[in-house]
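Below is my_file26.cif, which holds mmCIF, C-alpha atoms and all ligand atoms.
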```cif
data_start
#
loop_
_atom_site.label_atom_id
_atom_site.label_comp_id
_atom_site.auth_asym_id
_atom_site.auth_seq_id
_atom_site.Cartn_x
_atom_site.Cartn_y
_atom_site.Cartn_z
CA MET O 190 -26.41 -14.15 9.33
CA ASN O 191 -24.24 -14.25 6.19
CA HIS O 192 -25.66 -14.49 2.77
CA ALA O 193 -24.10 -13.36 -0.43
CA PRO O 194 -24.55 -14.05 -4.11
CA ALA O 195 -22.15 -16.75 -5.36
CA PRO O 196 -19.07 -15.68 -7.33
CA SER O 197 -19.74 -15.69 -11.05
CA SER O 198 -16.82 -17.99 -11.81
CA ILE O 199 -18.60 -20.77 -9.88
CA VAL O 200 -22.20 -20.31 -10.90
CA PHE O 201 -22.51 -18.55 -14.25
CA SER O 202 -20.12 -20.92 -16.01
CA HIS O 203 -21.48 -24.04 -14.33
CA PRO O 204 -22.73 -26.71 -16.80
CA GLU O 205 -26.09 -26.84 -14.98
CA PHE O 206 -26.54 -23.06 -14.94
CA ASP O 207 -29.59 -22.16 -17.04
CA GLN O 208 -30.17 -18.44 -16.58
CA HIS O 209 -31.20 -18.98 -12.94
CA GLU O 210 -32.58 -15.75 -11.53
CA GLN O 211 -30.97 -16.03 -8.12
CA VAL O 212 -28.61 -18.38 -6.32
CA CYS O 213 -27.88 -17.67 -2.65
CA PHE O 214 -25.34 -19.33 -0.39
CA PHE O 215 -26.03 -19.27 3.35
CA SER O 216 -23.86 -20.27 6.27
CA ASP O 217 -24.19 -20.16 10.01
CA PRO O 218 -21.22 -21.44 12.04
CA ASP O 219 -23.21 -21.64 15.28
CA THR O 220 -25.61 -24.28 14.01
CA GLY O 221 -23.37 -25.70 11.25
CA LEU O 222 -25.95 -24.79 8.63
CA LYS O 223 -24.65 -24.57 5.08
CA ALA O 224 -27.36 -24.13 2.48
CA ILE O 225 -27.92 -23.03 -1.09
CA ILE O 226 -31.22 -21.71 -2.39
CA ALA O 227 -31.76 -21.42 -6.14
CA VAL O 228 -34.62 -19.61 -7.82
CA HIS O 229 -34.60 -20.72 -11.44
CA ASN O 230 -37.50 -18.79 -12.88
CA SER O 231 -40.38 -16.86 -11.33
CA ASN O 232 -42.28 -15.73 -14.43
CA ARG O 233 -45.38 -17.68 -13.38
CA GLY O 234 -45.15 -16.96 -9.65
CA PRO O 235 -43.05 -17.61 -6.53
CA ALA O 236 -40.52 -20.42 -6.89
CA LEU O 237 -41.70 -23.52 -5.05
CA GLY O 238 -39.64 -26.66 -4.52
CA GLY O 239 -38.33 -29.07 -1.94
CA CYS O 240 -35.68 -28.42 0.69
CA ARG O 241 -33.29 -31.35 0.50
CA MET O 242 -30.80 -32.27 3.22
CA TRP O 243 -28.07 -34.54 1.95
CA PRO O 244 -24.46 -35.40 2.90
CA TYR O 245 -23.06 -34.01 -0.37
CA ALA O 246 -19.48 -35.07 -0.97
CA SER O 247 -18.58 -31.53 -2.06
CA ASP O 248 -19.99 -28.01 -2.37
CA GLU O 249 -19.86 -28.51 -6.12
CA GLU O 250 -22.14 -31.55 -5.88
CA ALA O 251 -24.64 -29.56 -3.81
CA LEU O 252 -24.56 -26.66 -6.27
CA ARG O 253 -25.08 -29.01 -9.19
CA ASP O 254 -28.10 -30.57 -7.48
CA VAL O 255 -29.76 -27.28 -6.57
CA LEU O 256 -29.26 -25.81 -10.05
CA ARG O 257 -30.62 -28.91 -11.78
CA LEU O 258 -33.55 -29.50 -9.41
CA SER O 259 -34.71 -25.87 -9.32
CA ARG O 260 -34.83 -25.81 -13.13
CA GLY O 261 -36.84 -29.03 -13.08
CA MET O 262 -39.41 -27.39 -10.79
CA THR O 263 -39.94 -24.52 -13.25
CA TYR O 264 -40.75 -27.03 -15.98
CA LYS O 265 -42.96 -29.15 -13.71
CA SER O 266 -45.12 -26.26 -12.45
CA ALA O 267 -45.39 -24.60 -15.86
CA LEU O 268 -46.46 -27.83 -17.53
CA ALA O 269 -49.07 -28.34 -14.79
CA ASN O 270 -50.39 -24.81 -15.47
CA LEU O 271 -49.68 -23.65 -11.91
CA ASP O 272 -48.96 -20.03 -11.04
CA LEU O 273 -45.63 -21.03 -9.57
CA GLY O 274 -42.01 -20.69 -10.54
CA GLY O 275 -39.21 -23.16 -9.96
CA GLY O 276 -36.84 -23.24 -7.01
CA LYS O 277 -35.09 -25.64 -4.70
CA SER O 278 -32.90 -25.53 -1.62
CA VAL O 279 -30.22 -27.86 -0.37
CA ILE O 280 -28.76 -28.17 3.10
CA ILE O 281 -25.32 -29.74 3.11
CA GLY O 282 -25.16 -32.37 5.85
CA ASN O 283 -26.28 -35.77 7.00
CA PRO O 284 -29.89 -35.46 8.21
CA ARG O 285 -29.34 -38.22 10.78
CA GLU O 286 -26.28 -36.55 12.30
CA HIS O 287 -26.38 -32.84 11.57
CA LYS O 288 -30.04 -31.93 11.77
CA SER O 289 -31.04 -29.93 14.85
CA GLU O 290 -33.88 -27.63 15.80
CA ALA O 291 -31.48 -24.69 15.84
CA LEU O 292 -30.26 -25.50 12.33
CA LEU O 293 -33.82 -25.80 11.02
CA GLU O 294 -34.83 -22.55 12.71
CA LYS O 295 -31.88 -20.80 11.09
CA MET O 296 -32.98 -22.19 7.73
CA GLY O 297 -36.41 -20.70 8.42
CA GLN O 298 -34.79 -17.30 8.95
CA TYR O 299 -32.90 -17.59 5.67
CA LEU O 300 -36.11 -18.55 3.86
CA GLU O 301 -37.79 -15.51 5.36
CA SER O 302 -34.95 -13.27 4.17
CA LEU O 303 -35.90 -14.07 0.56
CA GLY O 304 -39.28 -12.45 1.15
CA GLY O 305 -41.37 -15.19 -0.45
CA ARG O 306 -39.46 -15.45 -3.74
CA TYR O 307 -38.87 -19.09 -2.77
CA ILE O 308 -41.24 -21.44 -0.91
CA ALA O 309 -39.80 -24.62 0.63
CA ALA O 310 -41.49 -28.02 0.86
CA GLU O 311 -40.27 -31.35 2.22
CA ASP O 312 -37.80 -33.42 0.23
CA SER O 313 -35.22 -36.17 0.83
CA GLY O 314 -33.79 -35.68 4.31
CA THR O 315 -36.49 -33.28 5.53
CA SER O 316 -39.97 -33.98 6.85
CA VAL O 317 -43.20 -32.10 7.52
CA PRO O 318 -42.21 -31.61 11.23
CA ASP O 319 -38.84 -30.19 10.07
CA LEU O 320 -40.63 -27.72 7.80
CA LYS O 321 -42.83 -26.72 10.72
CA VAL O 322 -39.74 -25.87 12.78
CA MET O 323 -38.56 -23.64 9.91
CA GLY O 324 -42.07 -22.20 9.92
CA ARG O 325 -41.46 -20.62 13.36
CA HIS O 326 -39.61 -17.91 11.43
CA THR O 327 -41.31 -17.85 8.05
CA SER O 328 -44.59 -18.45 6.28
CA HIS O 329 -42.76 -19.37 3.07
CA ILE O 330 -43.18 -23.14 3.47
CA GLY O 331 -45.62 -25.51 1.75
CA GLY O 332 -47.08 -28.99 2.18
CA VAL O 333 -47.47 -28.61 5.95
CA THR O 334 -51.19 -28.13 6.57
CA GLU O 335 -53.28 -30.88 8.09
CA GLN O 336 -56.36 -31.27 5.92
CA ILE O 337 -58.68 -33.80 4.33
CA GLY O 338 -56.83 -34.76 1.16
CA ILE O 339 -58.10 -35.81 -2.27
CA ASP O 340 -58.55 -39.38 -1.04
CA GLY O 341 -60.95 -38.19 1.67
CA LYS O 342 -58.48 -39.06 4.45
CA LEU O 343 -56.88 -36.74 6.99
CA ASN O 344 -53.40 -35.88 5.80
CA ASN O 345 -50.49 -33.97 7.38
CA GLY O 346 -49.67 -32.20 4.11
CA ASP O 347 -47.89 -35.21 2.54
CA PRO O 348 -48.38 -34.84 -1.24
CA SER O 349 -47.94 -38.59 -1.93
CA PRO O 350 -51.67 -39.45 -2.31
CA ALA O 351 -52.03 -36.65 -4.86
CA THR O 352 -48.88 -37.74 -6.70
CA ALA O 353 -50.11 -41.33 -6.81
CA TYR O 354 -53.51 -40.33 -8.16
CA GLY O 355 -51.95 -38.13 -10.86
CA THR O 356 -49.63 -40.96 -11.85
CA PHE O 357 -52.62 -43.30 -12.11
CA VAL O 358 -54.50 -40.82 -14.33
CA GLY O 359 -51.38 -40.34 -16.48
CA LEU O 360 -50.78 -44.08 -16.75
CA LYS O 361 -54.33 -44.51 -18.08
CA ALA O 362 -53.74 -41.79 -20.72
CA ALA O 363 -50.54 -43.56 -21.81
CA VAL O 364 -52.29 -46.94 -22.01
CA LYS O 365 -55.04 -45.38 -24.10
CA HIS O 366 -52.51 -43.87 -26.50
CA ARG O 367 -50.11 -46.78 -26.89
CA LEU O 368 -52.34 -49.81 -26.35
CA ASP O 369 -55.66 -48.27 -27.42
CA ARG O 370 -57.37 -49.45 -24.25
CA ASP O 371 -59.81 -47.56 -22.05
CA ASP O 372 -59.80 -50.04 -19.19
CA LEU O 373 -56.97 -51.58 -17.18
CA ASN O 374 -58.65 -54.91 -16.55
CA GLY O 375 -56.04 -57.69 -16.67
CA LEU O 376 -53.33 -55.22 -17.75
CA LYS O 377 -49.92 -56.33 -16.47
CA VAL O 378 -48.16 -53.56 -14.57
CA ALA O 379 -44.74 -53.76 -12.90
CA VAL O 380 -44.26 -51.27 -10.06
CA GLN O 381 -40.66 -50.62 -9.01
CA GLY O 382 -40.77 -49.32 -5.44
CA VAL O 383 -43.92 -49.62 -3.36
CA GLY O 384 -43.27 -46.76 -0.94
CA ASN O 385 -45.44 -43.71 -0.30
CA VAL O 386 -46.36 -43.15 -3.93
CA GLY O 387 -45.80 -46.60 -5.47
CA TYR O 388 -48.02 -48.42 -2.98
CA ARG O 389 -50.88 -45.96 -3.44
CA LEU O 390 -50.51 -46.20 -7.20
CA ALA O 391 -50.67 -49.98 -6.87
CA GLN O 392 -53.90 -49.60 -4.87
CA HIS O 393 -55.50 -47.57 -7.69
CA LEU O 394 -54.29 -50.10 -10.26
CA HIS O 395 -55.60 -53.02 -8.22
CA ALA O 396 -59.01 -51.36 -7.89
CA ALA O 397 -59.05 -50.91 -11.68
CA GLY O 398 -58.39 -54.62 -12.23
CA ALA O 399 -54.70 -54.55 -13.21
CA GLU O 400 -52.39 -57.51 -12.56
CA LEU O 401 -49.56 -56.28 -10.36
CA TYR O 402 -45.87 -57.22 -10.18
CA VAL O 403 -43.91 -55.38 -7.51
CA SER O 404 -40.38 -55.05 -6.23
CA ASP O 405 -38.85 -53.12 -3.36
CA ILE O 406 -35.64 -53.32 -1.39
CA HIS O 407 -37.78 -53.50 1.77
CA GLU O 408 -39.34 -56.94 2.16
CA ASP O 409 -42.22 -55.70 4.30
CA GLN O 410 -43.37 -53.26 1.61
CA VAL O 411 -43.48 -56.10 -0.93
CA ALA O 412 -45.26 -58.41 1.53
CA ARG O 413 -47.96 -55.79 2.08
CA ALA O 414 -48.62 -55.47 -1.69
CA VAL O 415 -48.74 -59.25 -2.07
CA LYS O 416 -51.15 -59.65 0.85
CA GLU O 417 -53.40 -56.63 0.29
CA LEU O 418 -53.34 -56.30 -3.49
CA GLY O 419 -52.66 -59.83 -4.72
CA ALA O 420 -49.40 -58.63 -6.31
CA THR O 421 -46.63 -60.98 -7.44
CA ALA O 422 -43.26 -60.31 -5.78
CA ILE O 423 -40.37 -59.79 -8.19
CA SER O 424 -36.69 -59.38 -7.37
CA ALA O 425 -35.11 -55.95 -7.78
CA GLU O 426 -32.90 -57.30 -10.60
CA LYS O 427 -35.80 -58.67 -12.65
CA ILE O 428 -38.45 -55.94 -12.37
CA LEU O 429 -37.19 -53.73 -15.20
CA ASP O 430 -37.22 -56.30 -18.01
CA LEU O 431 -40.31 -58.18 -16.95
CA ASP O 432 -42.73 -59.12 -19.74
CA VAL O 433 -45.50 -56.69 -18.79
CA ASP O 434 -47.60 -54.03 -20.54
CA VAL O 435 -46.56 -51.14 -18.31
CA LEU O 436 -43.52 -50.39 -16.17
CA ALA O 437 -44.15 -47.86 -13.39
CA PRO O 438 -40.83 -46.67 -11.89
CA CYS O 439 -41.60 -45.35 -8.40
CA ALA O 440 -38.25 -45.69 -6.63
CA MET O 441 -35.18 -43.84 -7.85
CA GLY O 442 -33.91 -41.94 -10.88
CA ALA O 443 -31.67 -42.82 -13.86
CA ILE O 444 -33.22 -46.26 -14.32
CA LEU O 445 -33.80 -45.68 -18.05
CA ASN O 446 -30.29 -45.98 -19.43
CA ASP O 447 -28.03 -47.74 -21.98
CA HIS O 448 -28.09 -50.88 -19.86
CA SER O 449 -31.86 -51.14 -19.19
CA ILE O 450 -33.48 -49.80 -22.39
CA PRO O 451 -32.40 -52.60 -24.78
CA THR O 452 -34.06 -55.29 -22.64
CA LEU O 453 -37.28 -53.51 -21.63
CA LYS O 454 -40.38 -55.44 -22.64
CA ALA O 455 -43.05 -53.02 -21.43
CA LYS O 456 -44.68 -50.89 -24.13
CA VAL O 457 -45.42 -48.05 -21.71
CA ILE O 458 -43.27 -46.39 -19.03
CA ALA O 459 -45.49 -44.45 -16.61
CA GLY O 460 -44.30 -43.95 -13.04
CA ALA O 461 -43.70 -41.28 -10.40
CA ALA O 462 -39.92 -41.44 -9.91
CA ASN O 463 -38.04 -38.22 -10.65
CA ASN O 464 -35.32 -38.02 -13.32
CA GLN O 465 -35.99 -41.45 -14.81
CA LEU O 466 -33.87 -40.83 -17.92
CA GLU O 467 -30.17 -41.14 -17.16
CA ALA O 468 -29.37 -38.81 -20.06
CA GLU O 469 -31.40 -36.77 -22.50
CA ARG O 470 -30.62 -39.14 -25.37
CA HIS O 471 -32.49 -41.98 -23.65
CA ASP O 472 -35.73 -40.21 -24.51
CA ALA O 473 -35.05 -40.89 -28.22
CA GLN O 474 -33.82 -44.43 -27.53
CA LEU O 475 -37.17 -45.30 -25.95
CA MET O 476 -39.04 -43.89 -28.91
CA GLU O 477 -36.87 -45.87 -31.35
CA ARG O 478 -37.82 -49.03 -29.46
CA GLY O 479 -41.54 -48.17 -29.72
CA ILE O 480 -41.85 -47.64 -25.97
CA LEU O 481 -44.13 -44.78 -24.91
CA TYR O 482 -42.49 -42.78 -22.13
CA ALA O 483 -44.71 -40.57 -19.96
CA PRO O 484 -42.28 -37.75 -19.02
CA ASP O 485 -41.66 -38.01 -15.28
CA TYR O 486 -42.26 -34.42 -14.31
CA ALA O 487 -45.52 -34.36 -16.26
CA ILE O 488 -46.98 -37.51 -14.72
CA ASN O 489 -45.77 -36.91 -11.15
CA ALA O 490 -47.10 -33.32 -10.82
CA GLY O 491 -50.02 -34.30 -8.54
CA GLY O 492 -48.01 -33.43 -5.42
CA ILE O 493 -47.07 -29.93 -6.50
CA ILE O 494 -50.67 -29.31 -7.58
CA ASP O 495 -51.80 -30.36 -4.09
CA ILE O 496 -49.30 -28.02 -2.40
CA PHE O 497 -50.30 -25.14 -4.69
CA TYR O 498 -53.92 -25.37 -3.54
CA GLU O 499 -52.87 -25.57 0.10
CA ARG O 500 -51.58 -22.02 -0.37
CA THR O 501 -54.49 -20.65 -2.37
CA GLY O 502 -57.46 -22.30 -0.65
CA TYR O 503 -57.85 -26.06 -0.49
CA ASP O 504 -60.88 -27.56 -2.18
CA ALA O 505 -60.49 -31.30 -2.70
CA ALA O 506 -62.82 -31.37 -5.74
CA LYS O 507 -60.84 -28.57 -7.44
CA VAL O 508 -57.52 -30.27 -6.65
CA ARG O 509 -58.81 -33.55 -8.04
CA ALA O 510 -59.98 -31.89 -11.25
CA HIS O 511 -56.62 -30.16 -11.68
CA ILE O 512 -54.76 -33.42 -11.09
CA GLU O 513 -56.97 -35.11 -13.67
CA SER O 514 -55.76 -32.56 -16.24
CA ILE O 515 -52.41 -34.41 -16.11
CA GLY O 516 -54.12 -36.96 -18.37
CA ASP O 517 -54.96 -34.25 -20.93
CA THR O 518 -51.46 -32.78 -20.81
CA LEU O 519 -49.93 -36.21 -21.42
CA SER O 520 -52.37 -36.97 -24.24
CA GLU O 521 -51.30 -33.70 -25.88
CA ILE O 522 -47.63 -34.63 -25.45
CA PHE O 523 -48.20 -38.09 -26.95
CA TYR O 524 -50.19 -36.66 -29.84
CA ARG O 525 -47.59 -34.00 -30.66
CA SER O 526 -44.83 -36.59 -30.39
CA ALA O 527 -46.56 -38.98 -32.79
CA LEU O 528 -47.23 -36.15 -35.23
CA SER O 529 -43.69 -34.74 -35.21
CA ASN O 530 -41.67 -37.88 -34.51
CA ILE O 531 -39.99 -36.00 -31.64
CA PRO O 532 -39.61 -37.96 -28.37
CA THR O 533 -42.10 -37.30 -25.59
CA GLY O 534 -39.56 -35.85 -23.13
CA ALA O 535 -38.46 -33.23 -25.68
CA ILE O 536 -42.11 -32.38 -26.43
CA ALA O 537 -42.83 -31.95 -22.70
CA ASN O 538 -39.88 -29.55 -22.39
CA LYS O 539 -41.09 -27.54 -25.37
CA LEU O 540 -44.63 -27.36 -24.04
CA ALA O 541 -43.39 -26.28 -20.57
CA GLU O 542 -41.17 -23.60 -22.14
CA GLU O 543 -44.15 -22.27 -24.08
CA ARG O 544 -45.88 -21.89 -20.73
CA PHE O 545 -43.18 -20.01 -18.81
CA LYS O 546 -40.90 -18.30 -21.32
CA ALA O 547 -43.55 -16.30 -23.12
CA LEU O 548 -44.73 -14.52 -19.96
P1 LIG U 601 -40.48 -43.58 -0.80
O1 LIG U 601 -39.12 -43.50 -0.25
O2 LIG U 601 -41.66 -43.59 0.12
O3 LIG U 601 -40.62 -44.87 -1.74
C1 LIG U 601 -39.61 -45.33 -2.57
C2 LIG U 601 -39.59 -46.84 -2.45
O4 LIG U 601 -38.67 -47.37 -3.40
C3 LIG U 601 -39.14 -47.31 -1.06
O5 LIG U 601 -40.08 -48.24 -0.55
C4 LIG U 601 -37.78 -47.95 -1.33
O6 LIG U 601 -37.51 -49.02 -0.47
C5 LIG U 601 -37.94 -48.42 -2.76
N1 LIG U 601 -36.68 -48.64 -3.48
C6 LIG U 601 -35.50 -47.98 -3.37
N2 LIG U 601 -34.59 -48.52 -4.21
C7 LIG U 601 -35.21 -49.53 -4.86
C8 LIG U 601 -34.80 -50.46 -5.84
N3 LIG U 601 -33.56 -50.49 -6.32
N4 LIG U 601 -35.69 -51.36 -6.30
C9 LIG U 601 -36.97 -51.37 -5.82
N5 LIG U 601 -37.40 -50.51 -4.87
C10 LIG U 601 -36.54 -49.60 -4.40
O7 LIG U 601 -40.57 -42.35 -1.85
P2 LIG U 601 -41.89 -41.79 -2.55
O8 LIG U 601 -42.30 -40.56 -1.85
O9 LIG U 601 -42.84 -42.90 -2.76
O10 LIG U 601 -41.28 -41.34 -3.95
C11 LIG U 601 -40.99 -42.28 -4.96
C12 LIG U 601 -40.41 -41.56 -6.17
O11 LIG U 601 -41.36 -40.61 -6.66
C13 LIG U 601 -39.13 -40.77 -5.89
O12 LIG U 601 -38.32 -40.80 -7.05
C14 LIG U 601 -39.64 -39.36 -5.68
O13 LIG U 601 -38.66 -38.40 -5.96
C15 LIG U 601 -40.77 -39.32 -6.69
N6 LIG U 601 -41.80 -38.31 -6.38
C16 LIG U 601 -42.48 -38.38 -5.20
C17 LIG U 601 -43.45 -37.42 -4.93
C18 LIG U 601 -44.26 -37.47 -3.66
O14 LIG U 601 -45.31 -36.80 -3.58
N7 LIG U 601 -43.87 -38.26 -2.67
C19 LIG U 601 -43.72 -36.41 -5.87
C20 LIG U 601 -43.02 -36.38 -7.07
C21 LIG U 601 -42.06 -37.34 -7.31
#
```

File written out as structure tokens:
Amino acid sequence: MNHAPAPSSIVFSHPEFDQHEQVCFFSDPDTGLKAIIAVHNSNRGPALGGCRMWPYASDEEALRDVLRLSRGMTYKSALANLDLGGGKSVIIGNPREHKSEALLEKMGQYLESLGGRYIAAEDSGTSVPDLKVMGRHTSHIGGVTEQIGIDGKLNNGDPSPATAYGTFVGLKAAVKHRLDRDDLNGLKVAVQGVGNVGYRLAQHLHAAGAELYVSDIHEDQVARAVKELGATAISAEKILDLDVDVLAPCAMGAILNDHSIPTLKAKVIAGAANNQLEAERHDAQLMERGILYAPDYAINAGGIIDIFYERTGYDAAKVRAHIESIGDTLSEIFYRSALSNIPTGAIANKLAEERFKAL
């Protein structure tokens, strides 16, 4: 087993380096495992974050991702008032070609070697069964326990129902603030991506009386929303500038950019996708256009809240109540933003920093 701190010339001067506490590089020639684990900040508790497996084009790309994503987890958990720090791990490789039981077991050993400073959960390219293989060698994994979730259904640890519910609660807080409405009856909502989170969000919205417009690159996902929820199918090209009240991005990141922002018609952006802003400046551009943006890591924190309680004692009512506090956090962000004329994303960052830097 080889693991050594990265040379300072690579990490400390990296544009994404943000005083990360620990960055470890691991390699194992026998299984082909190459991984990086980054602990950004552990002031509030052990660093929890996904383990991503991705065919990165270069080591530099993998390092960039792990530095950026681990920092994001610190902000997300702090803003959600969880006793967790921020961390992330990346495995360099194509999950369809390079993933093996031996490789996952080795990853479990590496996780164990950090002694619980970092806790891994599923992410792109890894699944709950993969995490369980790692778990043969470590207890430092999360989101893997079969239990009755917040929706009252048996769940394998998948945080998507919790994320969807939190996004629904946050969307309602945004609608209240921007459109001064307490109910969603007849509200037009466009959902981009009706996968694990987006479809469940659409179910909540449908039950609340919203009019749904959905798009997805998978036809069957769209067909299900049309059939089950009375949604209108929209092409992937048209969903972003549809004339609706709310746009809920639930597919991929960087969709709020120089190209999309000028033609947006929605007054509220409230969806679960990570890293929705292509660049920091797009936060201000949305505000200038009078569009209320619910910061992504604030509104999509339901999943991490769910995983936190899995580790500390799961009680569905408690988890639900904590997820519902996402609405209060967003209302505070919107209020502070209106008062100071500072965009919502910047306010969220400031609020999160108040919650982890002062400790
Ligand atoms: P998913 O893969 O189940 O769903 C994403 C859906 O978006 C898929 O159905 C996919 O076909 C669709 N899609 C991809 N590109 C598209 C495009 N150009 N136009 C329209 N649809 C497109 O993933 P998920 O778990 O539902 O996560 C959705 C987003 O929420 C991701 O950005 C994820 O990082 C974020 N998120 C998820 C969780 C969670 O608990 N699952 C937690 C926090 C954040």

Contacts with ligand LIG 601 (chain U) at most 9 Å, all atoms listed in the file counted, listed as a count of residues only
50

Find the nearest atom pair between each residue of stretch 408-521 of chain O and stretch 314-333 of chain O for residues within 8 Å, count all atoms listed in the file, give distances in Å to one decimal, sort rows by chain and ascending number, and present the table as a Markdown table.
```
| residue | atom | partner | partner_atom | distance |
| --- | --- | --- | --- | --- |
| O:Asp495 | CA | O:Gly332 | CA | 8.0 |
| O:Ile496 | CA | O:Gly332 | CA | 5.2 |
| O:Phe497 | CA | O:Gly331 | CA | 8.0 |
| O:Glu499 | CA | O:Gly332 | CA | 7.0 |
| O:Arg500 | CA | O:Gly331 | CA | 7.2 |
```

Selected residue, from O:Met262, O:Ile494, O:Leu360, O:Leu466, that lies nearest to O:Asp517 when counting only C-alpha atoms
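So, comparing all the options, the nearest one is O:Leu360.
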
Point-to-point distance in Å for atom CA of O:Ala547 and atom CA of O:Ser302:
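Calculated distance between atom CA of O:Ser302 and atom CA of O:Ala547 is 28.8 Å.
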
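Between atom CA of O:Glu467 and atom CA of O:Glu250 the interatomic distance comes to 16.8 Å.
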
Pairwise distance for atom CA of O:Arg544 and atom CA of O:Asp207, rounded to one decimal in Å
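According to the coordinates, atom CA of O:Arg544 and atom CA of O:Asp207 are separated by 16.7 Å.
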
Nearest to O:Tyr524 by atom-to-atom distance, counting all atoms listed in the file, from O:Glu335, O:Leu268, O:Ala363, O:Leu368
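Closest residue, counting all atoms listed in the file: O:Ala363.
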
Nearest to O:Gly238 among O:Ile512, O:Ile308, O:Ala269, O:Ala541, with distances taken over only C-alpha atoms: which residue is it?
O:Ile308

List the neighbours of O:Lys539 out to 10 Å using all atoms listed in the file; skip same-chain residues closer than 6 positions along the sequence, and give me the result as a ChimeraX atom specification.
/O:264,268,522,533

So which residues touch O:Ile480 within 8 Å, counting all atoms listed in the file, skipping near sequence neighbours fewer than 3 positions away, as a short mmCIF file (atom, residue, chain, number, x, y, z; two decimals) with C-alpha atoms, in the frame of the given file?
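out.cif written:
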```cif
data_model
loop_
_atom_site.label_atom_id
_atom_site.label_comp_id
_atom_site.auth_asym_id
_atom_site.auth_seq_id
_atom_site.Cartn_x
_atom_site.Cartn_y
_atom_site.Cartn_z
CA ALA O 455 -43.05 -53.02 -21.43
CA LYS O 456 -44.68 -50.89 -24.13
CA VAL O 457 -45.42 -48.05 -21.71
CA ILE O 458 -43.27 -46.39 -19.03
CA LEU O 475 -37.17 -45.30 -25.95
CA MET O 476 -39.04 -43.89 -28.91
CA GLU O 477 -36.87 -45.87 -31.35
#
```

For each of O:Val200, O:Leu300, O:Ala267, O:Ala422, take the minimum atom-to-atom distance to O:Ala537, counting all atoms listed in the file, then give the residue where this is smallest.
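Answer, going by the shortest atom-to-atom distance: O:Ala267.
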
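Proximity to O:Lys295 was assessed for O:Lys223, O:His366, O:Pro244, O:Thr334 counting only C-alpha atoms; the smallest distance is recorded for O:Lys223.
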
Select, from O:Tyr498, O:Tyr482, O:Tyr299, O:Trp243, the residue with the minimum atom-to-atom distance to O:Leu519, counting all atoms listed in the file.
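Using all atoms listed in the file, the shortest distance to O:Leu519 belongs to O:Tyr482.
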